[in-house]
Amino acid sequence: MSLLEAPLVVASNRGPVTFDRDDLGGLDARRGAGGLVTALIGAMQRVDGLWVAAASSDTDRELAAGLDGGRVDMERFGADYRVRLLDIPPERYDAYYNRISNGILWFVHHYLWDTVRQPIFDDEVDEAWNEYVAVNRRFAEALAEEADRSPTPPAFLVQDYHLTLVPRFLRELRPDAFIAHFSHTAIAGLTYMRILPGRVREGILRGMLGADVLGFHSQMWAENFLMSARSLPGVRADLARSRLSVEGRQVAVRIHPISIDAVGLRQEAAGPEVTALRRELNRWRGDTRLILRVDRLELTKNIVRGFQAYALFLRTHPEWHRRVRFLALLSPSRMDVPDYLTYGEECVAEAQRVNTEFGDEEWQPVEVRVRDDYLGALAAYGISDVLLVNPIYDGMNLVAMEGPLLNRRAGVLVLSRNAGAYWRLGKHALAVNPFDLRETADALYRALEMPREERIRRARGLSRLVLSNPAERWVRTQLEDLERARIRRRTPSPEPAARA
Ligand code: ADP
Ligand code: G6P
């Protein structure tokens with residue numbers, strides 16, 4: 001049977017929803033945070049698969065310990081797939097999620113360290129790494145169990161930096177498994193990757209190389225991975241075919257930009273709740289133009305520099321005072337990682353500085369709303385004039401797609417060249433170097449002053465591009481890759497010539 005029809009098993013740290021009990025003891029499902037969940041919910045919508053994820057609430061843990069091995073049918077929540085929750089002891093989870101995944105791997109891939117002082121690797125990091133290994137092993141064992149339960153071999157789609165060791169462990173347990181791993185983050189270049197202790201760096205690279213196919217959102221990240229992987233002893237690279245060979249196996253490196261569920265999103269945005277929120281926001285903004293940003297409260301999103309650039313714009317263009325407002329919708333994220341707490345305070349303080357310098361009783365130049373407010377974000381996308389997406393580095397950035405898709409005012413997208421989304425959307429956006437305040441301030445000015453015809457042309461170009469890449473394609477193309485890998489396995493080709 002072709003893998004295009006194979007049972008699908010997805011694994012990610014964060015599941016599509018977090019479960020809670022309502023007052024009557026029934027199950028409530030809260031949508032998970034971040035782009036991976038948004039994109040995968042869209043991509044999995046019409047797919048009958050199983051999604052394995054870590055339990056994250058008390059109710060999740062209760063379900064994980066239940067009779068059906070943590071399996072929950074999502075039909076009653078309007079989805080065709082099932083979820084299987086894995087219960088991981090809290091201390092182990094803390095080391096794997098906060099210390100290693102978010103405290104080290106996320107930092108390295110987004111170039112977040114101030115390397116004069118950070119990072120320092122010591123015995124504590126070593127111990128936390130052992131927990132990361134243990135959690136990855138637990139996921140691999142769960143996936144191997146799914147292979148045993150399945151009447152035909154499944155296609156495994158393993159997600160992101162939390163689960164880099166799963167492909168290798170699963171390969172050890174089930175050598176014939178068909179495994180794809182996808183990175184939703186940026187990927188660090190060879191020299192920056194060398195900051196990591198050898199055991200960690202080799203561990204994650206060799207762990208990922210356990211897959212048949214490795215997917216990335218953009219060419220920049222795929223190339224960075226190839227450069228690091230081919231520097232490992234015993235790994236040979238065929239750069240022309242974007243393939244690596246390791247331990248007698250072939251690993252394809254592929255670029256599959258993920259997208260959003262445009263139809264679902266537009267339906268949600270047309271609903272009564274979002275309509276009411278849009279009305280409220282319109283009243284709040286009055287007759288000013290609206291600059292919007294929508295982000296997790298996240299170090300990579302470059303929120304502070306965004307406010308600094310706005311201040312520079314206001315300083316340079318007093319004629320815009322009182323005619324513009326900046327709304328920042330920030331959803332709290334990873335608050336157990338100390339840098340995120342500090343950064344949240346810095347963002348709010350910077351916004352206050354702008355308000356103190358330029359504002360008065362009648363005009364508050366910036367408003368920051370720190371809460372998880374997905375529907376509020378959908379409402380705001382509709383009415384903004386400028387959407388600022390200026391991450392330091394970003395694997396993809398779905399906000400840059402959601403905004404143009406829902407916008408009703410021919411809004412302009414100001415987009416960082418270091419976001420994966422730039423690769424596809426860049427030609428219709430105003431591009432900025434996220435570190436360059438002057439360039440960002442000028443882009444805000446240009447966006448606000450842009451003639452209507454140009455805004456319409458760019459806005460149409462953006463939504464056309466978003467619509468031309470339906471969310472389901474992302475799953476399909478990976479299954480096609482795996483199917484090619486299956487055929488290759490049956491007819492082994494000669495090893496690629498070493499070009500490293
Ligand atoms: P990341 O994956 O790093 O969080 P993305 O831009 O790819 O970045 O995805 C962010 C997702 O989270 C989007 O679907 C966006 O709508 C959602 N989101 C961002 N900010 C908020 C917020 N303040 N409230 C609710 N949802 C948000
Ligand atoms: C990014 C990562 C995802 C993660 C999301 C939210 O999109 O690539 O793997 O789920 O951020 O972060 P969180 O730590 O809340 O899961």
# chains A, B, ... in the order shown; residues from 1 in each chain; ligands from 1
$ residues_near_ligand --ligand "ligand 1" --cutoff "8 Å" --atoms "only C-alpha atoms and all ligand atoms" --output "ChimeraX atom specification"
/A:33-39,184-185,294-298,300-301,328-332,369-378,394-400,402
$ select_by_dssp --residues "range 188-309 of chain A" --states "strand (DSSP E or B)" --output "PDB file with N, CA, C and O atoms, in the first residue's frame"
ATOM      1  N   VAL A 213      13.035  11.489   6.018  1.00  0.00           N
ATOM      2  CA  VAL A 213      12.852  12.806   5.403  1.00  0.00           C
ATOM      3  C   VAL A 213      12.910  13.858   6.501  1.00  0.00           C
ATOM      4  O   VAL A 213      12.277  13.700   7.550  1.00  0.00           O
ATOM      5  N   LEU A 214      13.662  14.926   6.256  1.00  0.00           N
ATOM      6  CA  LEU A 214      13.701  16.044   7.203  1.00  0.00           C
ATOM      7  C   LEU A 214      13.117  17.265   6.515  1.00  0.00           C
ATOM      8  O   LEU A 214      13.554  17.641   5.416  1.00  0.00           O
ATOM      9  N   GLY A 215      12.123  17.881   7.150  1.00  0.00           N
ATOM     10  CA  GLY A 215      11.447  19.011   6.525  1.00  0.00           C
ATOM     11  C   GLY A 215      11.743  20.318   7.242  1.00  0.00           C
ATOM     12  O   GLY A 215      11.935  20.353   8.465  1.00  0.00           O
ATOM     13  N   PHE A 216      11.777  21.408   6.445  1.00  0.00           N
ATOM     14  CA  PHE A 216      12.018  22.755   6.977  1.00  0.00           C
ATOM     15  C   PHE A 216      11.088  23.720   6.248  1.00  0.00           C
ATOM     16  O   PHE A 216      10.646  23.442   5.133  1.00  0.00           O
ATOM     17  N   VAL A 235      28.910  11.037   7.892  1.00  0.00           N
ATOM     18  CA  VAL A 235      27.745  11.536   7.143  1.00  0.00           C
ATOM     19  C   VAL A 235      28.235  12.077   5.810  1.00  0.00           C
ATOM     20  O   VAL A 235      29.178  12.868   5.761  1.00  0.00           O
ATOM     21  N   ARG A 236      27.625  11.619   4.722  1.00  0.00           N
ATOM     22  CA  ARG A 236      28.007  12.100   3.396  1.00  0.00           C
ATOM     23  C   ARG A 236      26.857  12.896   2.818  1.00  0.00           C
ATOM     24  O   ARG A 236      25.691  12.584   3.053  1.00  0.00           O
ATOM     25  N   ALA A 237      27.209  13.940   2.064  1.00  0.00           N
ATOM     26  CA  ALA A 237      26.154  14.830   1.561  1.00  0.00           C
ATOM     27  C   ALA A 237      26.153  14.877   0.047  1.00  0.00           C
ATOM     28  O   ALA A 237      27.221  14.910  -0.575  1.00  0.00           O
ATOM     29  N   ASP A 238      24.960  14.849  -0.537  1.00  0.00           N
ATOM     30  CA  ASP A 238      24.796  15.123  -1.955  1.00  0.00           C
ATOM     31  C   ASP A 238      23.985  16.423  -2.008  1.00  0.00           C
ATOM     32  O   ASP A 238      22.752  16.399  -1.940  1.00  0.00           O
ATOM     33  N   ARG A 243      20.413  15.557  -0.231  1.00  0.00           N
ATOM     34  CA  ARG A 243      20.286  14.274   0.442  1.00  0.00           C
ATOM     35  C   ARG A 243      21.523  13.991   1.276  1.00  0.00           C
ATOM     36  O   ARG A 243      22.627  14.386   0.902  1.00  0.00           O
ATOM     37  N   LEU A 244      21.338  13.286   2.376  1.00  0.00           N
ATOM     38  CA  LEU A 244      22.471  12.875   3.205  1.00  0.00           C
ATOM     39  C   LEU A 244      22.470  11.365   3.272  1.00  0.00           C
ATOM     40  O   LEU A 244      21.404  10.738   3.190  1.00  0.00           O
ATOM     41  N   SER A 245      23.663  10.793   3.422  1.00  0.00           N
ATOM     42  CA  SER A 245      23.663   9.350   3.630  1.00  0.00           C
ATOM     43  C   SER A 245      24.417   9.062   4.926  1.00  0.00           C
ATOM     44  O   SER A 245      25.462   9.644   5.221  1.00  0.00           O
ATOM     45  N   VAL A 246      23.811   8.199   5.741  1.00  0.00           N
ATOM     46  CA  VAL A 246      24.361   7.919   7.050  1.00  0.00           C
ATOM     47  C   VAL A 246      24.037   6.460   7.399  1.00  0.00           C
ATOM     48  O   VAL A 246      22.903   6.017   7.183  1.00  0.00           O
ATOM     49  N   ARG A 249      21.918   4.496   5.118  1.00  0.00           N
ATOM     50  CA  ARG A 249      20.554   4.968   4.801  1.00  0.00           C
ATOM     51  C   ARG A 249      20.618   6.328   4.127  1.00  0.00           C
ATOM     52  O   ARG A 249      21.562   7.077   4.317  1.00  0.00           O
ATOM     53  N   GLN A 250      19.551   6.622   3.375  1.00  0.00           N
ATOM     54  CA  GLN A 250      19.444   7.924   2.727  1.00  0.00           C
ATOM     55  C   GLN A 250      18.467   8.805   3.515  1.00  0.00           C
ATOM     56  O   GLN A 250      17.415   8.318   3.936  1.00  0.00           O
ATOM     57  N   VAL A 251      18.819  10.070   3.689  1.00  0.00           N
ATOM     58  CA  VAL A 251      17.920  11.011   4.364  1.00  0.00           C
ATOM     59  C   VAL A 251      17.694  12.195   3.426  1.00  0.00           C
ATOM     60  O   VAL A 251      18.649  12.894   3.053  1.00  0.00           O
ATOM     61  N   ALA A 252      16.447  12.409   3.033  1.00  0.00           N
ATOM     62  CA  ALA A 252      16.135  13.531   2.128  1.00  0.00           C
ATOM     63  C   ALA A 252      15.887  14.786   2.952  1.00  0.00           C
ATOM     64  O   ALA A 252      15.219  14.728   3.984  1.00  0.00           O
ATOM     65  N   VAL A 253      16.437  15.915   2.510  1.00  0.00           N
ATOM     66  CA  VAL A 253      16.202  17.195   3.195  1.00  0.00           C
ATOM     67  C   VAL A 253      15.281  18.025   2.296  1.00  0.00           C
ATOM     68  O   VAL A 253      15.633  18.318   1.152  1.00  0.00           O
ATOM     69  N   ARG A 254      14.105  18.384   2.782  1.00  0.00           N
ATOM     70  CA  ARG A 254      13.076  18.991   1.939  1.00  0.00           C
ATOM     71  C   ARG A 254      12.533  20.298   2.522  1.00  0.00           C
ATOM     72  O   ARG A 254      12.561  20.484   3.742  1.00  0.00           O
ATOM     73  N   ILE A 255      12.023  21.147   1.636  1.00  0.00           N
ATOM     74  CA  ILE A 255      11.444  22.418   2.084  1.00  0.00           C
ATOM     75  C   ILE A 255       9.939  22.373   1.846  1.00  0.00           C
ATOM     76  O   ILE A 255       9.497  22.231   0.698  1.00  0.00           O
ATOM     77  N   ARG A 289      -5.151  55.792  12.323  1.00  0.00           N
ATOM     78  CA  ARG A 289      -4.677  54.603  11.597  1.00  0.00           C
ATOM     79  C   ARG A 289      -4.112  53.629  12.628  1.00  0.00           C
ATOM     80  O   ARG A 289      -3.631  54.046  13.687  1.00  0.00           O
ATOM     81  N   LEU A 290      -4.164  52.351  12.277  1.00  0.00           N
ATOM     82  CA  LEU A 290      -3.787  51.339  13.270  1.00  0.00           C
ATOM     83  C   LEU A 290      -2.591  50.504  12.821  1.00  0.00           C
ATOM     84  O   LEU A 290      -2.635  49.845  11.775  1.00  0.00           O
ATOM     85  N   ILE A 291      -1.523  50.560  13.632  1.00  0.00           N
ATOM     86  CA  ILE A 291      -0.398  49.632  13.464  1.00  0.00           C
ATOM     87  C   ILE A 291      -0.643  48.492  14.456  1.00  0.00           C
ATOM     88  O   ILE A 291      -0.938  48.742  15.630  1.00  0.00           O
ATOM     89  N   LEU A 292      -0.521  47.257  13.979  1.00  0.00           N
ATOM     90  CA  LEU A 292      -0.844  46.104  14.825  1.00  0.00           C
ATOM     91  C   LEU A 292       0.338  45.154  14.896  1.00  0.00           C
ATOM     92  O   LEU A 292       1.059  44.976  13.908  1.00  0.00           O
ATOM     93  N   ARG A 293       0.534  44.544  16.078  1.00  0.00           N
ATOM     94  CA  ARG A 293       1.391  43.365  16.153  1.00  0.00           C
ATOM     95  C   ARG A 293       0.674  42.314  16.998  1.00  0.00           C
ATOM     96  O   ARG A 293      -0.030  42.655  17.952  1.00  0.00           O
ATOM     97  N   VAL A 294       0.845  41.053  16.619  1.00  0.00           N
ATOM     98  CA  VAL A 294       0.179  39.934  17.292  1.00  0.00           C
ATOM     99  C   VAL A 294       1.241  38.860  17.491  1.00  0.00           C
ATOM    100  O   VAL A 294       1.772  38.322  16.525  1.00  0.00           O
ATOM    101  N   ASP A 295       1.591  38.580  18.743  1.00  0.00           N
ATOM    102  CA  ASP A 295       2.685  37.628  18.977  1.00  0.00           C
ATOM    103  C   ASP A 295       2.524  36.904  20.294  1.00  0.00           C
ATOM    104  O   ASP A 295       1.953  37.461  21.235  1.00  0.00           O
ATOM    105  N   ARG A 296       3.135  35.718  20.374  1.00  0.00           N
ATOM    106  CA  ARG A 296       3.422  35.213  21.704  1.00  0.00           C
ATOM    107  C   ARG A 296       4.399  36.190  22.316  1.00  0.00           C
ATOM    108  O   ARG A 296       5.216  36.796  21.604  1.00  0.00           O
TER     109      ARG A 296
END
$ closest_residue --among "A:Phe156, A:Tyr97, A:Phe313, A:Phe307" --to "Leu327 in chain A" --atoms "only C-alpha atoms"
A:Phe307
$ residues_around --residues "Ile88 in chain A" --least-positions-apart "2" --cutoff "9 Å" --atoms "only C-alpha atoms" --output "count of residues only"
10
$ residues_around --residues "Val337 in chain A" --least-positions-apart "5" --cutoff "9 Å" --atoms "only C-alpha atoms" --output "number ranges by chain"
A: 98-99, 102-103
$ write_last_selection --atoms "N, CA and C atoms" --output "compact mmCIF listing (two decimals), in the first residue's frame"
# COMPACT_ATOMS: atom_id res chain seq x y z
N ASN A 98 11.52 23.11 29.70
CA ASN A 98 12.01 24.45 30.03
C ASN A 98 13.51 24.58 29.86
N ARG A 99 14.27 23.61 30.42
CA ARG A 99 15.73 23.77 30.44
C ARG A 99 16.35 23.50 29.07
N ASN A 102 13.36 24.77 25.49
CA ASN A 102 13.16 26.23 25.38
C ASN A 102 14.37 27.03 25.86
N GLY A 103 15.13 26.48 26.83
CA GLY A 103 16.26 27.23 27.39
C GLY A 103 17.53 27.10 26.57
$ residues_around --residues "Ala269 in chain A" --least-positions-apart "6" --cutoff "12 Å" --atoms "only C-alpha atoms" --output "JSON, numbers by chain"
{"A": [262, 263, 275, 276, 277, 278, 374, 375, 376, 377, 378, 379, 380, 381, 382, 383, 402, 403, 405, 406, 407, 408]}
